[in-house]
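Below: the structure, in structure tokens.
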Amino acid sequence: MKVASILVLGGGSAGLMAALTLKRKLPHLSIRVLRSPEIGIIGVGEGTTATFPRHFFEYLKLKPQEFYAQAEPTWKLGIKFIWGPRPHFYYSFAFEFQKRLPELSRNNGFYYQDDIPWLGHASAYMAQDRAFPRQPNGLPRFHNNHAFHIENIKLVHWLENQCASSGVMITDATVQAEKGGNGIQALVGSDGTRYTADLYIDASGFRSELVGRVMEEPYVDYTDSLFCDRAVIGGWQRTYEPVHPYTTAETMDSGWAWQIEHETFINRGYVYASAHISDDAAREELLRKNPKIPHDRTRVVKFRSGRYARSWIGNVVAMGNSAGFVEPLEATALQMICVEASSLADSLGDSLCEPGDSMVRLYNRYNGAQWDDIRNFLAVHYMFNTRLDTPFWRRCRTETALHGAADIIDFFRENGPSVVAGAALVHPSNSFGMDGYLALLVGQAVPHGKPYMPTPTEEAFWRKRAEGLAAEARVGMGVVEALKALRQPGLQWG
Ligand SMILES: Cc1cc2nc3c(=O)[nH]c(=O)nc-3n(C[C@H](O)[C@H](O)[C@H](O)COP(=O)(O)OP(=O)(O)OC[C@H]3O[C@@H](n4cnc5c(N)ncnc54)[C@H](O)[C@@H]3O)c2cc1C
């Protein structure tokens, strides 16, 4: 198959990110996005991981200043979990649990204490409600361990502008697919217009028009690990609340709730299992715990967790929700779109736009494993959360299938937060790494066989270091101050 033209079915974040990535990396390709004004976009998905800025500003070399001006994000350094028996714990993007300091005999994870819930710079900043160190010129000093909170509609708007200025064509049309020998033959609009290309990207969201409906690819169901299948979403205009540099994930009776920090709006969503709570009862619980949400401004979104067995079949590649979905506990959907889009761009580029069977097989293997890694990691969040004793959480603790995380859990139960097994048990392409597992296992106070009592010298060092980190963070910049600094008139971006 020689690829010179691509049709992208879908103008949500997945379709636009795929089109933009392919056009930036392979500018000679002709790329058109087809999107249905009648169907619209899902319009949720507001937290990212640190993969997102790396994808756009390093891999695609887009200008951050346009992103800040149009998408109006705030920063996210990680997640604050109100989860497990501790008051709370922080999971930063900075891989802090596996670090070993020269003054200590073990890696950081062994020294975690409830009264100092930070292990390094990133979590110290989170705990002090600060986002970045301050530079002498009054600007924030960015680091590589941040992600964003972005309102979906603003993200899509920025992506549309970037697509247009990169030469991607965007056409409004509701289409139906015609199947052909190698996959899809054409997409046909309701006015009879036929759209054809060498390669079709299915970014049609949960409908999965091409890979699911037309190609009838088998679905790999994740519901033995992930029991939640709905979310009720609401929010309120911010008044005096601080803009936290993290997403909050709070345990609820039959699931959990996110709190996402936009500059002028606070977004909350209760992700729940419909087998354990009705839509009305979930809505009532969300409103009871968040009385500022206007009662007439909630909506329920249904989803299923799983992925298609292959996402690249013949001349069709699925991306985003049409390829797979896991619930948003680690906000990984936009990350997966980055991974899918960049691996497709690299596969096409390296094969001189003539990908053979081995490239397609590798693409499917790699991306399938990425989805499964997320499922495995999320399973650990559910299996060990002892905060509430409700039927839902009792079921999670007894029935959650750990799949590929089982060996990591066995190792942790015997050896505690040791990093010795890191590379052997967690594949290098796993975006959470052993550190992510340690953060969740230590954070949830999962018992293990090798508790370590630091020596008095180590204890004194650890406390002094923690105080120093907190003091440094306290003079850093909060989200609001950092946004203001970036908006000074005439600011020159480096
Ligand atoms: C409750 C919930 C919370 C989430 N939170 C997060 C989060 O915090 N972080 C995160 O990264 N992700 C999150 N997500 C995932 C988020 O939805 C996706 O990241 C993202 O928005 C991708 O959507 P999409 O582009 O695949 O689908 P959609 O936005 O649904 O877009 C589908 C597109 O296909 C078009 N289309 C469909 N059929 C046709 C047709 N026949 N003809 C023409 N056009 C068609 C539609 O018009 C639309 O343009 C969340 C999802 C849910 C359900």
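Ligands are numbered from 1 in the order shown, residues from 1 within each chain, and chains are lettered A, B, ... in the order they appear in the structure tokens.
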
Hey, which residues come within 6 Å of ligand 1 if we count only C-alpha atoms and all ligand atoms? Could you give them as a short mmCIF file (atom, residue, chain, number, x, y, z; two decimals) with N, CA and C atoms, in the first residue's frame?
data_model
loop_
_atom_site.label_atom_id
_atom_site.label_comp_id
_atom_site.auth_asym_id
_atom_site.auth_seq_id
_atom_site.Cartn_x
_atom_site.Cartn_y
_atom_site.Cartn_z
N LEU A 9 -11.77 10.39 9.51
CA LEU A 9 -13.19 10.48 9.83
C LEU A 9 -13.33 10.91 11.29
N GLY A 10 -13.68 12.18 11.50
CA GLY A 10 -13.89 12.68 12.86
C GLY A 10 -13.10 13.94 13.13
N GLY A 11 -13.79 14.93 13.70
CA GLY A 11 -13.15 16.21 14.00
C GLY A 11 -13.14 16.51 15.49
N GLY A 12 -13.10 15.44 16.32
CA GLY A 12 -12.88 15.63 17.76
C GLY A 12 -11.39 15.71 18.01
N SER A 13 -11.00 15.62 19.28
CA SER A 13 -9.56 15.74 19.56
C SER A 13 -8.76 14.68 18.83
N ALA A 14 -9.29 13.45 18.74
CA ALA A 14 -8.51 12.38 18.10
C ALA A 14 -8.28 12.67 16.62
N GLY A 15 -9.34 13.01 15.90
CA GLY A 15 -9.20 13.25 14.45
C GLY A 15 -8.26 14.41 14.17
N LEU A 34 -13.01 14.78 7.81
CA LEU A 34 -14.46 14.84 7.60
C LEU A 34 -15.13 14.77 8.96
N ARG A 35 -16.00 15.71 9.24
CA ARG A 35 -16.65 15.69 10.56
C ARG A 35 -18.13 16.03 10.39
N SER A 36 -18.92 15.45 11.27
CA SER A 36 -20.37 15.61 11.15
C SER A 36 -20.87 16.68 12.10
N PRO A 37 -21.44 17.78 11.56
CA PRO A 37 -22.02 18.79 12.46
C PRO A 37 -23.21 18.22 13.22
N ILE A 39 -23.63 15.07 14.34
CA ILE A 39 -23.21 14.18 15.44
C ILE A 39 -22.41 14.95 16.48
N GLY A 40 -21.60 15.88 16.03
CA GLY A 40 -20.81 16.68 16.97
C GLY A 40 -19.69 15.88 17.62
N ILE A 41 -19.11 16.43 18.69
CA ILE A 41 -18.00 15.76 19.39
C ILE A 41 -18.44 15.42 20.81
N ILE A 42 -17.69 14.54 21.46
CA ILE A 42 -18.07 14.11 22.81
C ILE A 42 -17.92 15.27 23.81
N GLY A 43 -16.93 16.11 23.59
CA GLY A 43 -16.81 17.33 24.40
C GLY A 43 -16.37 17.11 25.83
N VAL A 44 -15.80 15.95 26.16
CA VAL A 44 -15.18 15.77 27.48
C VAL A 44 -13.75 15.31 27.26
N GLY A 45 -12.94 15.42 28.32
CA GLY A 45 -11.53 15.04 28.19
C GLY A 45 -10.71 16.27 28.46
N GLU A 46 -10.50 16.59 29.72
CA GLU A 46 -9.94 17.90 30.04
C GLU A 46 -8.65 17.84 30.84
N GLY A 47 -8.20 16.64 31.19
CA GLY A 47 -6.92 16.53 31.87
C GLY A 47 -5.95 15.80 30.94
N THR A 48 -4.67 16.20 30.94
CA THR A 48 -3.70 15.49 30.11
C THR A 48 -2.63 14.87 31.01
N ALA A 173 -19.30 17.01 6.80
CA ALA A 173 -20.10 16.02 6.06
C ALA A 173 -20.37 14.83 6.96
N THR A 174 -21.61 14.37 6.95
CA THR A 174 -21.91 13.12 7.66
C THR A 174 -21.84 12.01 6.61
N VAL A 175 -20.98 11.03 6.86
CA VAL A 175 -20.70 10.06 5.81
C VAL A 175 -21.01 8.63 6.25
N GLN A 176 -21.12 7.79 5.25
CA GLN A 176 -21.23 6.34 5.49
C GLN A 176 -20.10 5.67 4.73
N ALA A 203 -11.55 8.11 13.42
CA ALA A 203 -11.53 8.88 14.67
C ALA A 203 -12.97 9.30 14.96
N SER A 204 -13.89 8.34 14.77
CA SER A 204 -15.32 8.66 14.88
C SER A 204 -15.84 8.51 16.30
N GLY A 205 -14.95 8.43 17.27
CA GLY A 205 -15.40 8.36 18.67
C GLY A 205 -15.96 6.98 19.00
N ALA A 231 -20.33 8.41 33.73
CA ALA A 231 -19.89 9.56 34.52
C ALA A 231 -21.00 10.59 34.51
N VAL A 301 -22.62 10.73 30.89
CA VAL A 301 -21.94 10.17 29.71
C VAL A 301 -21.73 8.68 29.96
N PHE A 303 -19.97 4.99 28.82
CA PHE A 303 -18.80 4.50 28.09
C PHE A 303 -18.59 3.04 28.42
N GLY A 320 -8.05 7.22 19.10
CA GLY A 320 -8.91 7.84 20.10
C GLY A 320 -9.99 6.88 20.55
N ASN A 321 -11.15 7.42 20.88
CA ASN A 321 -12.21 6.60 21.46
C ASN A 321 -12.67 5.50 20.51
N SER A 322 -12.45 5.65 19.22
CA SER A 322 -12.89 4.60 18.29
C SER A 322 -11.92 3.41 18.30
N PRO A 328 -11.35 7.62 32.87
CA PRO A 328 -10.36 8.71 32.94
C PRO A 328 -9.58 8.88 34.24
N ALA A 331 -6.45 10.04 33.28
CA ALA A 331 -6.55 11.01 32.17
C ALA A 331 -5.63 10.65 31.01
N THR A 332 -5.77 9.43 30.52
CA THR A 332 -4.81 8.92 29.55
C THR A 332 -5.29 8.92 28.10
N ALA A 333 -6.53 9.36 27.84
CA ALA A 333 -7.03 9.24 26.47
C ALA A 333 -6.26 10.13 25.49
N LEU A 334 -6.01 11.37 25.90
CA LEU A 334 -5.26 12.26 25.00
C LEU A 334 -3.82 11.75 24.85
#

Considering only C-alpha atoms, tabulate each residue of region 333-371 of chain A that lies at most 12 Å from region 179-200 of chain A along with its nearest interatomic pair and the corresponding distance in Å to one decimal; arrange the rows by chain and ascending residue number and present them as CSV.
residue,atom,partner,partner_atom,distance
A:Leu344,CA,A:Leu199,CA,11.2
A:Leu348,CA,A:Leu199,CA,10.7
A:Cys353,CA,A:Asp198,CA,10.4
A:Glu354,CA,A:Asp198,CA,10.6
A:Pro355,CA,A:Leu199,CA,11.0

Problem - Gap from CA of Glu151 (chain A) to CA of His262 (chain A) - Å, one decimal - result: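 Here the two named atoms are 7.3 Å from each other.
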
Handout entry: Minimum-distance residue to Ala482 (chain A), chosen among A:Val243, A:Met453, A:Ala281, A:Val360 (using only C-alpha atoms)
Key =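 With only C-alpha atoms as the atom set, the closest residue is A:Val243.
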
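Closest approach to Phe325 (chain A) among A:Pro456, A:Asp221, A:Arg365, A:Gly422 is made by A:Asp221 (distances from only C-alpha atoms).
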
Problem - Expected answer as an MDAnalysis selection string: alpha helix (DSSP H) residues in region 63-146 of chain A - result: chainID A and resid 64:71 121:127

Problem - For CA of Met383 (chain A) and CA of Trp258 (chain A), the interatomic separation in Å (one decimal) - result: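 Taking CA of Met383 (chain A) and CA of Trp258 (chain A), their separation equals 18.5 Å.
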
Exercise for the section: Just give me the gap between CA of Lys2 (chain A) and CA of Arg207 (chain A) in Å, one decimal is fine. Expected result: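 Distance reported for this atom pair: 27.7 Å.
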
Handout entry: Pick from A:Trp75, A:Phe110, A:Trp236, A:Trp83, whichever lies nearest to Tyr382 (chain A) using only C-alpha atoms
Key =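 Going through A:Trp75, A:Phe110, A:Trp236, A:Trp83 one by one, the smallest distance to Tyr382 (chain A) is for A:Trp83.
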
Handout entry: Selection near Ile79 (chain A), 9 Å with only C-alpha atoms, sequence-local residues under 5 positions removed, as a ChimeraX atom specification
Key = /A:89-93,126,245-249,330

How would the residues just picked look written out with C-alpha atoms as a PDB file, in the first residue's frame?
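In the end it all went to out-v1.pdb:
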ATOM      1  CA  PHE A  89      -1.279  11.278  48.641  1.00  0.00           C
ATOM      2  CA  TYR A  90       0.272  12.917  45.583  1.00  0.00           C
ATOM      3  CA  TYR A  91       1.213  11.176  42.369  1.00  0.00           C
ATOM      4  CA  SER A  92       3.451  13.491  40.343  1.00  0.00           C
ATOM      5  CA  PHE A  93       4.797  12.984  36.833  1.00  0.00           C
ATOM      6  CA  MET A 126       1.815  20.165  44.599  1.00  0.00           C
ATOM      7  CA  PRO A 245      -1.725  22.611  40.106  1.00  0.00           C
ATOM      8  CA  TYR A 246      -3.143  19.085  40.061  1.00  0.00           C
ATOM      9  CA  THR A 247      -6.258  17.049  39.367  1.00  0.00           C
ATOM     10  CA  THR A 248      -7.997  15.712  42.457  1.00  0.00           C
ATOM     11  CA  ALA A 249      -9.333  12.135  42.409  1.00  0.00           C
ATOM     12  CA  GLU A 330      -5.275   8.715  34.976  1.00  0.00           C
TER      13      GLU A 330
END

Problem - Surrounding residues of Tyr112 (chain A) excluding itself and chain neighbours under 5 positions, 12 Å, only C-alpha atoms, as number ranges by chain - result: A: 86, 89-90, 96-98, 106-107, 117-120, 123, 416-417, 438-439, 441-445, 451-454, 459, 462-463, 466

Exercise for the section: Might you pull out every residue within 10 Å of region 127-144 of chain A, with only C-alpha atoms counted and same-chain residues fewer than 3 positions away left off, and present them as a ChimeraX atom specification? Expected result: /A:50-51,53-54,74-77,80,89-90,93-94,116-118,121-124,147,242-246,469-486,488,491

Residues from the last selection, N, CA and C atoms, saved as a compact mmCIF listing (two decimals), in the first residue's frame:
# COMPACT_ATOMS: atom_id res chain seq x y z
N ALA A 50 1.88 14.25 31.02
CA ALA A 50 3.05 15.00 30.54
C ALA A 50 3.41 14.63 29.11
N THR A 51 2.82 13.57 28.57
CA THR A 51 3.06 13.22 27.16
C THR A 51 2.55 14.31 26.23
N PRO A 53 2.34 17.85 26.38
CA PRO A 53 3.24 18.94 25.95
C PRO A 53 4.45 18.44 25.17
N ARG A 54 4.94 17.25 25.53
CA ARG A 54 6.10 16.73 24.79
C ARG A 54 5.72 16.48 23.34
N THR A 74 -4.54 25.45 32.21
CA THR A 74 -3.81 25.63 33.47
C THR A 74 -2.87 24.43 33.58
N TRP A 75 -1.99 24.44 34.58
CA TRP A 75 -0.99 23.37 34.66
C TRP A 75 -1.40 22.30 35.66
N LYS A 76 -0.96 21.11 35.34
CA LYS A 76 -1.23 19.95 36.20
C LYS A 76 0.11 19.24 36.43
N LEU A 77 0.52 19.14 37.68
CA LEU A 77 1.79 18.44 37.99
C LEU A 77 1.55 16.98 38.34
N LYS A 80 -3.77 14.48 42.97
CA LYS A 80 -3.91 14.32 44.42
C LYS A 80 -4.99 13.26 44.65
N PHE A 89 -2.67 11.37 49.10
CA PHE A 89 -1.28 11.28 48.64
C PHE A 89 -1.19 11.90 47.26
N TYR A 90 0.05 12.27 46.88
CA TYR A 90 0.27 12.92 45.58
C TYR A 90 0.98 11.95 44.65
N PHE A 93 4.25 13.57 38.06
CA PHE A 93 4.80 12.98 36.83
C PHE A 93 6.32 12.83 36.92
N ALA A 94 6.89 13.07 38.11
CA ALA A 94 8.36 13.23 38.18
C ALA A 94 9.13 11.98 38.60
N ILE A 116 4.48 13.99 55.86
CA ILE A 116 5.23 14.70 54.81
C ILE A 116 4.93 13.96 53.49
N PRO A 117 3.79 14.27 52.89
CA PRO A 117 3.41 13.49 51.71
C PRO A 117 4.10 13.97 50.42
N TRP A 118 5.36 14.34 50.52
CA TRP A 118 6.11 14.66 49.29
C TRP A 118 7.49 14.04 49.38
N HIS A 121 10.79 17.43 44.42
CA HIS A 121 10.35 18.78 44.08
C HIS A 121 8.90 18.82 43.61
N ALA A 122 8.56 17.92 42.69
CA ALA A 122 7.23 18.03 42.06
C ALA A 122 6.12 17.86 43.09
N SER A 123 6.23 16.84 43.93
CA SER A 123 5.14 16.64 44.90
C SER A 123 5.18 17.72 46.00
N ALA A 124 6.38 18.25 46.30
CA ALA A 124 6.45 19.35 47.27
C ALA A 124 5.72 20.57 46.71
N ALA A 147 1.73 18.76 32.97
CA ALA A 147 0.71 18.48 31.96
C ALA A 147 -0.28 19.65 32.03
N PRO A 242 -8.69 28.43 45.35
CA PRO A 242 -7.37 28.43 44.70
C PRO A 242 -7.36 27.52 43.47
N VAL A 243 -6.53 27.87 42.48
CA VAL A 243 -6.40 27.01 41.30
C VAL A 243 -5.27 26.02 41.60
N HIS A 244 -5.64 24.80 41.94
CA HIS A 244 -4.62 23.82 42.31
C HIS A 244 -3.82 23.38 41.07
N PRO A 245 -2.53 23.09 41.25
CA PRO A 245 -1.72 22.61 40.11
C PRO A 245 -1.82 21.09 39.96
N TYR A 246 -2.96 20.54 40.17
CA TYR A 246 -3.14 19.09 40.06
C TYR A 246 -4.62 18.78 39.87
N LEU A 469 12.53 21.30 50.82
CA LEU A 469 11.73 21.23 49.59
C LEU A 469 10.47 22.08 49.72
N ALA A 470 9.84 21.98 50.90
CA ALA A 470 8.59 22.73 51.11
C ALA A 470 8.88 24.24 51.10
N ALA A 471 9.99 24.63 51.74
CA ALA A 471 10.33 26.06 51.79
C ALA A 471 10.61 26.58 50.37
N GLU A 472 11.30 25.77 49.58
CA GLU A 472 11.59 26.18 48.20
C GLU A 472 10.29 26.30 47.40
N ALA A 473 9.39 25.35 47.60
CA ALA A 473 8.12 25.38 46.86
C ALA A 473 7.29 26.61 47.25
N ARG A 474 7.30 26.93 48.52
CA ARG A 474 6.44 28.04 48.98
C ARG A 474 6.79 29.36 48.32
N VAL A 475 8.04 29.55 47.91
CA VAL A 475 8.38 30.80 47.22
C VAL A 475 8.26 30.66 45.69
N GLY A 476 7.74 29.53 45.25
CA GLY A 476 7.50 29.34 43.82
C GLY A 476 6.23 30.05 43.37
N MET A 477 5.86 29.83 42.09
CA MET A 477 4.68 30.54 41.55
C MET A 477 3.48 29.62 41.52
N GLY A 478 2.35 30.15 41.97
CA GLY A 478 1.09 29.43 41.84
C GLY A 478 0.58 29.54 40.41
N VAL A 479 -0.49 28.83 40.10
CA VAL A 479 -1.02 28.80 38.73
C VAL A 479 -1.44 30.20 38.28
N VAL A 480 -2.17 30.91 39.13
CA VAL A 480 -2.71 32.21 38.71
C VAL A 480 -1.57 33.19 38.44
N GLU A 481 -0.58 33.18 39.33
CA GLU A 481 0.54 34.11 39.17
C GLU A 481 1.34 33.77 37.91
N ALA A 482 1.53 32.48 37.66
CA ALA A 482 2.29 32.07 36.47
C ALA A 482 1.54 32.44 35.18
N LEU A 483 0.21 32.28 35.20
CA LEU A 483 -0.57 32.67 34.01
C LEU A 483 -0.44 34.17 33.76
N LYS A 484 -0.51 34.93 34.84
CA LYS A 484 -0.42 36.39 34.71
C LYS A 484 0.95 36.78 34.14
N ALA A 485 2.00 36.12 34.62
CA ALA A 485 3.35 36.44 34.15
C ALA A 485 3.47 36.18 32.64
N LEU A 486 2.83 35.12 32.17
CA LEU A 486 2.94 34.78 30.74
C LEU A 486 2.13 35.74 29.86
N GLN A 488 1.99 39.06 30.26
CA GLN A 488 2.46 40.45 30.24
C GLN A 488 2.58 40.91 28.80
N LEU A 491 5.75 40.25 26.04
CA LEU A 491 6.65 39.20 26.53
C LEU A 491 7.29 38.45 25.35

Practice task
Pick out the closest residue to Ser30 (chain A) from this set: A:Gly349, A:Gly404, A:Pro447, A:Gly167. Count only C-alpha atoms.
Solution key: A:Gly167

Practice task
For Leu20 (chain A), work out the shell of residues within 8 Å, counting only C-alpha atoms and skipping chain neighbours fewer than 4 positions away, then give it as number ranges by chain.
Solution key: A: 16, 24, 159, 162-163, 166, 168

Name the residues in contact with Ser343 (chain A) at a cut-off of 8 Å, using only C-alpha atoms, excluding same-chain residues fewer than 4 positions from it; report them as a PDB file with C-alpha atoms, in the first residue's frame.
ATOM      1  CA  VAL A 339       1.047   7.705  21.094  1.00  0.00           C
ATOM      2  CA  SER A 347       5.587   4.005  10.792  1.00  0.00           C
ATOM      3  CA  TYR A 363       1.938  -1.014  15.252  1.00  0.00           C
TER       4      TYR A 363
END

Exercise for the section: Name the closest residue to Glu285 (chain A) among the candidates A:Ile233, A:Val420, A:Leu329, A:Ala19; distances are taken between atoms, counting only C-alpha atoms. Expected result: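 Looking at the shortest contact to Glu285 (chain A), the residue is A:Ile233.
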